[in-house]
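Take a look at the structure below.
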Amino acid sequence: MKEFVIRRYRSDQPSGSERSTLMRIDDEGKVLFADRHAESVLGYNAYELEGFPANRMLASRQDDPFAPANRDQLERGQTVMVTCRHKDGFFYTACLSLRLDMRDSDTAANASINQQDSLNMDPRLLKQAEDSAAFGLWQLDARTNEMAWTEGVFRLLELRPDSDITPEQALFYCQAGQSRIRALFRRCLRTGQPFTLELALLTTRQRSRRVRLYGRALKDGQQIQRVGGSLVDLTPVMHQNHARQHAEQILEATTLATPDLVAAVDRELTLLHCNAPFRQQFASAFGVTPGTGDNLKQLLANHPNERRLIERLWQRAFDRDSFVVEMPLAQQNRDLPIYEFHYQRLTNSQGEVTGAVQVAKDISQRIQHSASSDYRIRHDPVTGLMNRRAFIARMLRTLEQKTHRDSCDSLLYLDLDGFEDFNDRAGSGTCDRYLRELAGTLGIRVRQRDALARLSGDTFALLIENCPEPRARKIAEDILTLIGKFVFEWQGQALQTTASGGLLVLETDVPSDPEQLLNQAANLCHTAKTSGRNRVHTARALSCQADDSTANQQLQLIRQALEDNALILEYQALRPVASVTWGDHIEILCRIPGDGDNAEPLQPNQFLPIAERFDLAKRLDRRVISETLAWLGSQPLLEPRIKYCGFNLSLANVLDDTFADFMETQLRQSPFPAHCFCLEIREAHATQYPEEVAVLCDALHRIGCRVALDGAGASVESYSLAANLPVDIIKLDRRVMENLDEDPVQQVMAEALHRIAEVAGKQTVATFIENDDTLRKVRTLGIHYGQGFRLARPQPLAALTPATVDLTTGRIGG
């Protein structure tokens with residue numbers, strides 16, 4: 001077991017001002033303990049980290065503190081710089097150090113415990129014990145009737161330590177029970193039987209004390225000559241008991257005086273208190289009467305769905321200070337009253353969570369009163385969530401506020417996978433119960449500020465307000481995980497499914513029509529469903545100018561180009577800027593013919609969002625690759641010249657398990673070696689789906705292709721991806737390259753990415769080189785290749801054909 005100190009590293013802050021946390025990790029790499037600062041540093045609270053594998057908080061294996069290189073540095077007392085993954089998904093740099101006093105924790109200390117004769121103990125220890133534990137020792141000599149006290153007894157009676165007092169006088173301090181004390185002393189002297197007695201004392205200063213008198217016989221040989229024992233002060237315990245009893249009386253009176261359901265539980269869901277209305281309603285809903293000391297998990301053993309829901313509610317109460325939810329006591333019984341449940345967390349003096357309290361107020365009349373008008377108009381009758389009408393109104397308010405505030409909102413559109421099969425298996429009634437249970441579970445897990453609605457059938461929508469895009473993606477993934485794990489049991493039927501989602505990021509210049517935004521999110525959800533289900537596709541909302549008529553027109557052009565094999569293929573050359581390299585390095589570009597003979601072709605920024613919305617991006621990618629390989633196959637003279645041919649991949653192909661097989665099939669028919677082809681993956685996709693991208697990279701490497709990370713530098717994850725993702729080429733993002741010659745910060749970013757790539761054995765490409773100043777700066781930084789209008793403009797793919805040369809032996813080229 002090792003104890004580490006983890007500190008956030010910030011180069012712009014003075015040393016010693018960084019946030020830090022203390023963590024103990026066992027030899028298997030699991031967290032045993034984390035202090036209260038863990039959440040501010042790592043994003044996880046101390047309870048979440050117990051038993052948590054430490055490597056999940058690290059960006060890569062190289063950051064493992066138990067790796068040989070890191071372990072040696074730590075054991076020498078050095079600090080190790082590692083890259084950590086925050087709970088919210090972003091990466092940051094941290095300083096890791098080993099506590100000096102814990103380095104030998106794996107070795108047992110060489111120590112022993114020996115019994116010590118009390119006569120040889122320092123008398124000051126006895127005085128310290130009496131002071132701290134509030135007790136005193138006494139001894140009565142039966143032969144002389146002399147009693148000896150330690151200083152502790154004098155303090156309990158508030159007497160001066162050297163006061164002259166007889167045993168008879170000492171009995172006067174007992175308010176009652178003097179005759180009983182004498183009888184106990186006599187019995188102890190006669191039979192040797194020990195005794196214990198609680199007494200009420202009145203001290204010299206007329207203060208009441210509650211004490212416990214202990215006594216036992218002390219023999220010399222076979223005869224009892226003395227009686228000795230201790231006098232322990234119980235006054236603090238008495239005061240605590242009185243205070244507790246008083247509090248319990250107030251609690252009992254308060255809970256009896258209200259018709260609300262009141263219950264308190266500990267962390268194990270054992271009832272600490274519950275009032276009569278709670279017991280009555282619980283018995284009515286579940287057929288068992290609860291009482292103090294009963295465990296809710298055991299009481300609900302025969303109601304698994306209700307048990308899981310109630311466990312989640314109480315767990316949420318443990319995690320938050322307080323929250324409110326409206327629902328019946330049992331979800332499956334629609335005849336029960338609707339309650340407004342208020343939950344409040346309980347903590348002790350050290351701030352540790354010890355339990356929670358629930359107070360439920362019956363709001364059935366309020367709901368029934370509004371059910372005929374407003375409530376029914378705004379809520380779905382099956383789930384109780386917002387309906388489509390209310391959700392559209394909520395979106396309108398959010399879009400109106402968006403013109404006055406700078407924030408990032410998101411719209412999540414959810415569609416359950418294979419839900420139509422549930423009706424055949426279990427019937428519509430059971431499906432309604434499933435949706436009601438699922439809606440209750442989702443309602444607990446979403447943030448209170450967000451709006452959750454059932455749009456129709458098995459489709460839901462969630463408006464995530466004022467939330468950065470990475471956090472919104474995490475919320476969407478968590479909801480999909482929750483739906484996948486949710487199991488509904490009803491009369492022997494176990495219903496479980498997954499969901500597909502479309503996450504539409506609403507930044508600036510978004511349409512003001514909520515229906516248009518819902519359509520965009522629904523299209524994203526459709527692409528996620530057709531790409532394999534149980535996943536979320538994310539995109540930014542199309543601008544206000546991209547109205548439906550324009551989108552439909554562009555959609556028809558894309559479909560027509562695919563059906564007529566009319567894609568316009570161009571290439572743009574990549575030039576070596578750091579050293580001379582022989583051969584052609586090109587990236588294949590695609591254009592869509594315009595509407596009419598003289599119309600301008602559609603550029604990627606025009607047709608790609610439409611293609612992704614309507615699930616055409618996968619077909620576009622594959623058609624571009626197959627047509628390019630077919631054309632190259634007709635140009636055998638290009639085979640020794642082409643050293644790099646890059647293709648951009650859409651998210652649909654990145655997530656498609658069959659893409660590597662498609663690429664392998666295409667390459668079998670091509671005379672060009674596989675290593676000259678490179679598939680370019682956008683950094684945004686690699687950030688959102690790191691595991692899927694890593695699997696795709698390995699599959700492409702197995703067939704001999706290379707992989708490039710396109711758009712590096714667009715986010716904070718760029719440096720970790722550049723170092724750890726199994727790609728061969730790093731292409732810098734346009735935002736890094738703009739004003740590179742003038743902005744020193746961007747120069748540092750570009751240089752850092754280049755140096756990381758070089759250390760990892762990868763090549764770098766600087767994109768969007770538009771002028772001589774940028775080109776000179778790129779050369780200064782040592783970046784390997786450049787791309788941009790300053791070096792080469794896009795040209796038709798046919799322009800790559802070698803020139804025709806007539807020789808005496810015949811014609812070559814052409």
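FYI, nothing fancy with the structure tokens labels: chains A, B, ... in order, residues from 1 per chain, ligands from 1 as they appear.
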Practice task
Run DSSP on the backbone of this structure and report the residues of stretch 521-733 of chain A it assigns to alpha helix (DSSP H), as a ChimeraX atom specification.
Solution key: /A:521-530,548-563,604-613,617-633,651-654,659-668,683-688,690-702,718-724
Exercise for the section: Show which residues sit within 12 Å of A:Trp631, as a PyMOL selection string. Count only C-alpha atoms, and ignore same-chain residues fewer than 3 positions away. Expected result: chain A and resi 569-570+624-628+634-636+638-639+669-672+797-801
The selected residues should be written to file as a compact mmCIF listing (two decimals), in the first residue's frame (atoms: N, CA, C and O atoms).
# COMPACT_ATOMS: atom_id res chain seq x y z
N LEU A 569 -14.09 14.58 -57.81
CA LEU A 569 -12.93 14.26 -56.98
C LEU A 569 -11.79 15.20 -57.32
O LEU A 569 -11.43 15.39 -58.49
N GLU A 570 -11.21 15.80 -56.30
CA GLU A 570 -10.04 16.66 -56.43
C GLU A 570 -8.97 16.20 -55.47
O GLU A 570 -9.22 15.35 -54.59
N VAL A 624 -16.09 7.72 -52.37
CA VAL A 624 -14.86 8.47 -52.67
C VAL A 624 -13.66 7.54 -52.69
O VAL A 624 -12.80 7.60 -53.59
N ILE A 625 -13.56 6.64 -51.71
CA ILE A 625 -12.42 5.72 -51.64
C ILE A 625 -12.42 4.76 -52.83
O ILE A 625 -11.39 4.55 -53.49
N SER A 626 -13.57 4.16 -53.13
CA SER A 626 -13.61 3.17 -54.22
C SER A 626 -13.34 3.82 -55.57
O SER A 626 -12.61 3.26 -56.40
N GLU A 627 -13.89 5.04 -55.81
CA GLU A 627 -13.64 5.70 -57.09
C GLU A 627 -12.19 6.15 -57.21
O GLU A 627 -11.59 6.06 -58.29
N THR A 628 -11.60 6.62 -56.11
CA THR A 628 -10.19 7.02 -56.15
C THR A 628 -9.29 5.83 -56.43
O THR A 628 -8.37 5.90 -57.27
N SER A 634 -6.04 2.65 -62.79
CA SER A 634 -5.89 2.85 -64.24
C SER A 634 -4.66 3.66 -64.61
O SER A 634 -4.45 3.95 -65.78
N GLN A 635 -3.88 4.07 -63.59
CA GLN A 635 -2.67 4.88 -63.82
C GLN A 635 -1.46 4.16 -63.23
O GLN A 635 -0.95 4.53 -62.17
N PRO A 636 -0.99 3.11 -63.87
CA PRO A 636 0.12 2.33 -63.29
C PRO A 636 1.39 3.13 -63.10
O PRO A 636 2.21 2.81 -62.24
N LEU A 638 1.70 5.95 -61.83
CA LEU A 638 1.67 6.68 -60.58
C LEU A 638 2.10 5.82 -59.39
O LEU A 638 2.35 6.35 -58.30
N GLU A 639 2.14 4.52 -59.59
CA GLU A 639 2.40 3.62 -58.45
C GLU A 639 3.71 3.93 -57.73
O GLU A 639 3.74 4.00 -56.49
N GLN A 669 -7.72 -5.28 -54.71
CA GLN A 669 -7.82 -5.06 -56.15
C GLN A 669 -6.93 -3.92 -56.65
O GLN A 669 -6.98 -3.56 -57.80
N SER A 670 -6.15 -3.32 -55.76
CA SER A 670 -5.33 -2.16 -56.13
C SER A 670 -3.87 -2.56 -56.23
O SER A 670 -3.35 -3.29 -55.38
N PRO A 671 -3.16 -2.06 -57.25
CA PRO A 671 -1.72 -2.34 -57.37
C PRO A 671 -0.87 -1.51 -56.40
O PRO A 671 0.32 -1.77 -56.25
N PHE A 672 -1.49 -0.54 -55.73
CA PHE A 672 -0.76 0.34 -54.83
C PHE A 672 -0.62 -0.33 -53.46
O PHE A 672 -1.56 -0.97 -52.98
N LEU A 797 -8.69 15.49 -59.89
CA LEU A 797 -7.87 14.28 -59.75
C LEU A 797 -7.22 13.89 -61.08
O LEU A 797 -6.09 13.35 -61.10
N ALA A 798 -7.89 14.20 -62.18
CA ALA A 798 -7.33 13.86 -63.49
C ALA A 798 -6.03 14.60 -63.77
O ALA A 798 -5.20 14.15 -64.57
N ALA A 799 -5.81 15.77 -63.12
CA ALA A 799 -4.58 16.53 -63.32
C ALA A 799 -3.36 15.82 -62.77
O ALA A 799 -2.22 16.22 -63.04
N LEU A 800 -3.59 14.77 -61.96
CA LEU A 800 -2.47 14.01 -61.41
C LEU A 800 -1.87 13.05 -62.43
O LEU A 800 -0.81 12.47 -62.22
N THR A 801 -2.52 12.91 -63.61
CA THR A 801 -2.05 11.97 -64.64
C THR A 801 -0.67 12.38 -65.15
O THR A 801 -0.44 13.56 -65.44
Completion exercise
Using only C-alpha atoms, the residue out of A:Gly786, A:Pro236, A:Pro277, A:Gly429 with shortest distance to A:Arg210 is A:Pro236
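Residues surrounding A:Leu201 within 8 Å are Leu157, Tyr173, Cys174, Gln175, Leu199, Thr203, Arg207, Ser208, Arg209, Arg210 and Val211 of chain A [only C-alpha atoms; sequence separation below 2 positions excluded].
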For the selection just defined, write its residues with all heavy atoms to a file, as a JSON list (two decimals), in the first residue's frame.
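Wrote result_20.json, looks like this:
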[["chain", "number", "residue", "atom", "x", "y", "z"],
["A", 157, "LEU", "N", -15.96, 15.14, 43.54],
["A", 157, "LEU", "CA", -16.75, 15.73, 44.62],
["A", 157, "LEU", "C", -16.48, 17.22, 44.79],
["A", 157, "LEU", "O", -17.08, 17.86, 45.66],
["A", 157, "LEU", "CB", -16.45, 15.00, 45.93],
["A", 157, "LEU", "CG", -16.80, 13.51, 45.96],
["A", 157, "LEU", "CD1", -16.38, 12.89, 47.29],
["A", 157, "LEU", "CD2", -18.28, 13.30, 45.73],
["A", 173, "TYR", "N", -22.58, 12.87, 50.56],
["A", 173, "TYR", "CA", -22.66, 13.43, 49.20],
["A", 173, "TYR", "C", -23.63, 12.64, 48.34],
["A", 173, "TYR", "O", -24.00, 13.09, 47.25],
["A", 173, "TYR", "CB", -21.28, 13.44, 48.53],
["A", 173, "TYR", "CG", -20.33, 14.43, 49.17],
["A", 173, "TYR", "CD1", -19.41, 14.03, 50.12],
["A", 173, "TYR", "CD2", -20.39, 15.79, 48.83],
["A", 173, "TYR", "CE1", -18.56, 14.93, 50.73],
["A", 173, "TYR", "CE2", -19.54, 16.70, 49.43],
["A", 173, "TYR", "CZ", -18.62, 16.27, 50.38],
["A", 173, "TYR", "OH", -17.78, 17.17, 50.97],
["A", 174, "CYS", "N", -24.04, 11.47, 48.78],
["A", 174, "CYS", "CA", -25.03, 10.67, 48.04],
["A", 174, "CYS", "C", -26.42, 11.18, 48.41],
["A", 174, "CYS", "O", -26.80, 11.17, 49.58],
["A", 174, "CYS", "CB", -24.90, 9.20, 48.38],
["A", 174, "CYS", "SG", -23.28, 8.51, 47.99],
["A", 175, "GLN", "N", -27.19, 11.56, 47.43],
["A", 175, "GLN", "CA", -28.52, 12.07, 47.69],
["A", 175, "GLN", "C", -29.47, 10.96, 48.11],
["A", 175, "GLN", "O", -30.44, 11.19, 48.82],
["A", 175, "GLN", "CB", -29.07, 12.78, 46.44],
["A", 175, "GLN", "CG", -28.31, 14.05, 46.10],
["A", 175, "GLN", "CD", -28.88, 14.71, 44.86],
["A", 175, "GLN", "OE1", -29.01, 14.08, 43.83],
["A", 175, "GLN", "NE2", -29.21, 15.98, 44.99],
["A", 199, "LEU", "N", -25.15, 6.22, 40.96],
["A", 199, "LEU", "CA", -25.53, 7.10, 42.05],
["A", 199, "LEU", "C", -25.73, 8.52, 41.55],
["A", 199, "LEU", "O", -25.13, 8.94, 40.55],
["A", 199, "LEU", "CB", -24.44, 7.13, 43.13],
["A", 199, "LEU", "CG", -24.10, 5.80, 43.83],
["A", 199, "LEU", "CD1", -22.85, 6.00, 44.67],
["A", 199, "LEU", "CD2", -25.26, 5.36, 44.68],
["A", 203, "THR", "N", -22.29, 17.65, 44.78],
["A", 203, "THR", "CA", -20.92, 18.03, 45.11],
["A", 203, "THR", "C", -20.90, 19.13, 46.17],
["A", 203, "THR", "O", -21.94, 19.67, 46.58],
["A", 203, "THR", "CB", -20.18, 18.51, 43.86],
["A", 203, "THR", "OG1", -20.74, 19.76, 43.45],
["A", 203, "THR", "CG2", -20.30, 17.51, 42.73],
["A", 207, "ARG", "N", -23.59, 20.93, 42.98],
["A", 207, "ARG", "CA", -23.84, 20.55, 41.59],
["A", 207, "ARG", "C", -24.19, 19.06, 41.54],
["A", 207, "ARG", "O", -23.58, 18.25, 42.24],
["A", 207, "ARG", "CB", -22.60, 20.80, 40.71],
["A", 207, "ARG", "CG", -22.24, 22.27, 40.60],
["A", 207, "ARG", "CD", -20.99, 22.42, 39.78],
["A", 207, "ARG", "NE", -20.55, 23.81, 39.70],
["A", 207, "ARG", "CZ", -19.41, 24.21, 39.16],
["A", 207, "ARG", "NH1", -18.58, 23.31, 38.64],
["A", 207, "ARG", "NH2", -19.10, 25.48, 39.12],
["A", 208, "SER", "N", -25.14, 18.73, 40.70],
["A", 208, "SER", "CA", -25.57, 17.34, 40.57],
["A", 208, "SER", "C", -24.65, 16.60, 39.59],
["A", 208, "SER", "O", -24.30, 17.14, 38.53],
["A", 208, "SER", "CB", -27.02, 17.27, 40.07],
["A", 208, "SER", "OG", -27.89, 17.84, 41.01],
["A", 209, "ARG", "N", -24.29, 15.40, 39.98],
["A", 209, "ARG", "CA", -23.49, 14.54, 39.11],
["A", 209, "ARG", "C", -24.10, 13.15, 39.13],
["A", 209, "ARG", "O", -24.63, 12.70, 40.13],
["A", 209, "ARG", "CB", -22.03, 14.45, 39.56],
["A", 209, "ARG", "CG", -21.22, 15.70, 39.32],
["A", 209, "ARG", "CD", -19.75, 15.39, 39.60],
["A", 209, "ARG", "NE", -18.91, 16.56, 39.59],
["A", 209, "ARG", "CZ", -18.40, 17.13, 38.49],
["A", 209, "ARG", "NH1", -18.67, 16.59, 37.32],
["A", 209, "ARG", "NH2", -17.64, 18.19, 38.58],
["A", 210, "ARG", "N", -23.98, 12.49, 37.98],
["A", 210, "ARG", "CA", -24.35, 11.08, 37.89],
["A", 210, "ARG", "C", -23.08, 10.28, 37.76],
["A", 210, "ARG", "O", -22.25, 10.53, 36.88],
["A", 210, "ARG", "CB", -25.22, 10.84, 36.65],
["A", 210, "ARG", "CG", -25.87, 9.47, 36.61],
["A", 210, "ARG", "CD", -26.99, 9.39, 37.62],
["A", 210, "ARG", "NE", -27.64, 8.08, 37.60],
["A", 210, "ARG", "CZ", -28.60, 7.73, 38.42],
["A", 210, "ARG", "NH1", -29.02, 8.60, 39.35],
["A", 210, "ARG", "NH2", -29.17, 6.54, 38.36],
["A", 211, "VAL", "N", -22.86, 9.33, 38.69],
["A", 211, "VAL", "CA", -21.61, 8.57, 38.71],
["A", 211, "VAL", "C", -21.95, 7.08, 38.78],
["A", 211, "VAL", "O", -23.07, 6.67, 39.13],
["A", 211, "VAL", "CB", -20.72, 8.96, 39.91],
["A", 211, "VAL", "CG1", -20.32, 10.43, 39.84],
["A", 211, "VAL", "CG2", -21.43, 8.65, 41.23]]
Practice task
Please measure the separation of atom CA of A:Ile756 and atom CA of A:Arg779, giving the value in Å to one decimal.
Solution key: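 Computed distance, atom CA of A:Ile756 to atom CA of A:Arg779, equals 16.9 Å.
DSSP, applied to the backbone of this structure, assigns strand (DSSP E or B) to the following residues of stretch 585-693 of chain A: His585, Ile586, Glu587, Ile588, Leu589, Cys590, Arg591, Ile592, Leu602, Ile642, Lys643, Tyr644, Cys645, Gly646, Phe647, Asn648, Phe677, Cys678, Leu679, Glu680, Ile681 and Arg682 of chain A.
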Problem - Distance criterion (only C-alpha atoms): nearest to A:Arg397 out of A:Glu465, A:Glu692, A:Asp421, A:Asp380 - result: A:Glu465
List as JSON lines every residue of stretch 442-522 of chain A that is in contact with stretch 79-98 of chain A, defined as an atom at most 8 Å from one of its atoms (using only C-alpha atoms), together with the nearest atom pair and the distance in Å rounded to one decimal, sorted by chain and then rising number.
{"residue": "A:Pro470", "atom": "CA", "partner": "A:Gly89", "partner_atom": "CA", "distance": 7.2}
{"residue": "A:Arg471", "atom": "CA", "partner": "A:Asp88", "partner_atom": "CA", "distance": 6.2}
{"residue": "A:Lys474", "atom": "CA", "partner": "A:Asp88", "partner_atom": "CA", "distance": 6.9}
Handout entry: Å distance separating atom CA of A:Arg641 from atom CA of A:Ile681, one decimal place
Key =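 Atom CA of A:Ile681 lies at a distance of 24.4 Å from atom CA of A:Arg641.
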Practice task
Pick out the closest residue to A:Gln606 from this set: A:Ala551, A:Ala176, A:Val325, A:Ala283. Count only C-alpha atoms.
Solution key: A:Ala551
I want to know what sits within 10 Å of A:Val778, based on only C-alpha atoms, with residues of the same chain fewer than 2 positions away left out; could you give that as an mmCIF file with C-alpha atoms, in the first residue's frame?
data_model
loop_
_atom_site.group_PDB
_atom_site.id
_atom_site.type_symbol
_atom_site.label_atom_id
_atom_site.label_comp_id
_atom_site.auth_asym_id
_atom_site.auth_seq_id
_atom_site.Cartn_x
_atom_site.Cartn_y
_atom_site.Cartn_z
ATOM 1 C CA VAL A 577 8.703 21.841 -45.418
ATOM 2 C CA ALA A 578 11.405 20.553 -43.042
ATOM 3 C CA MET A 737 -2.562 27.772 -37.740
ATOM 4 C CA LEU A 740 0.604 31.521 -36.340
ATOM 5 C CA ASP A 741 3.289 33.976 -37.429
ATOM 6 C CA GLN A 747 3.348 29.013 -31.756
ATOM 7 C CA ALA A 750 1.986 24.099 -32.417
ATOM 8 C CA GLU A 751 5.520 23.431 -31.209
ATOM 9 C CA VAL A 765 1.293 18.282 -41.004
ATOM 10 C CA ALA A 766 0.609 22.019 -40.767
ATOM 11 C CA THR A 767 -2.658 22.828 -42.549
ATOM 12 C CA ILE A 769 -0.677 27.655 -44.835
ATOM 13 C CA ASP A 772 4.923 33.218 -46.693
ATOM 14 C CA ASP A 773 5.076 34.334 -43.046
ATOM 15 C CA THR A 774 3.164 31.269 -41.871
ATOM 16 C CA LEU A 775 5.323 29.018 -44.059
ATOM 17 C CA ARG A 776 8.521 30.455 -42.572
ATOM 18 C CA THR A 780 11.236 27.231 -38.017
ATOM 19 C CA LEU A 781 9.174 24.907 -35.820
ATOM 20 C CA GLY A 782 10.430 21.866 -37.762
ATOM 21 C CA ILE A 783 6.990 20.558 -38.802
ATOM 22 C CA HIS A 784 7.382 17.847 -41.414
ATOM 23 C CA TYR A 785 4.714 18.665 -44.046
ATOM 24 C CA GLY A 786 2.604 21.629 -45.014
#
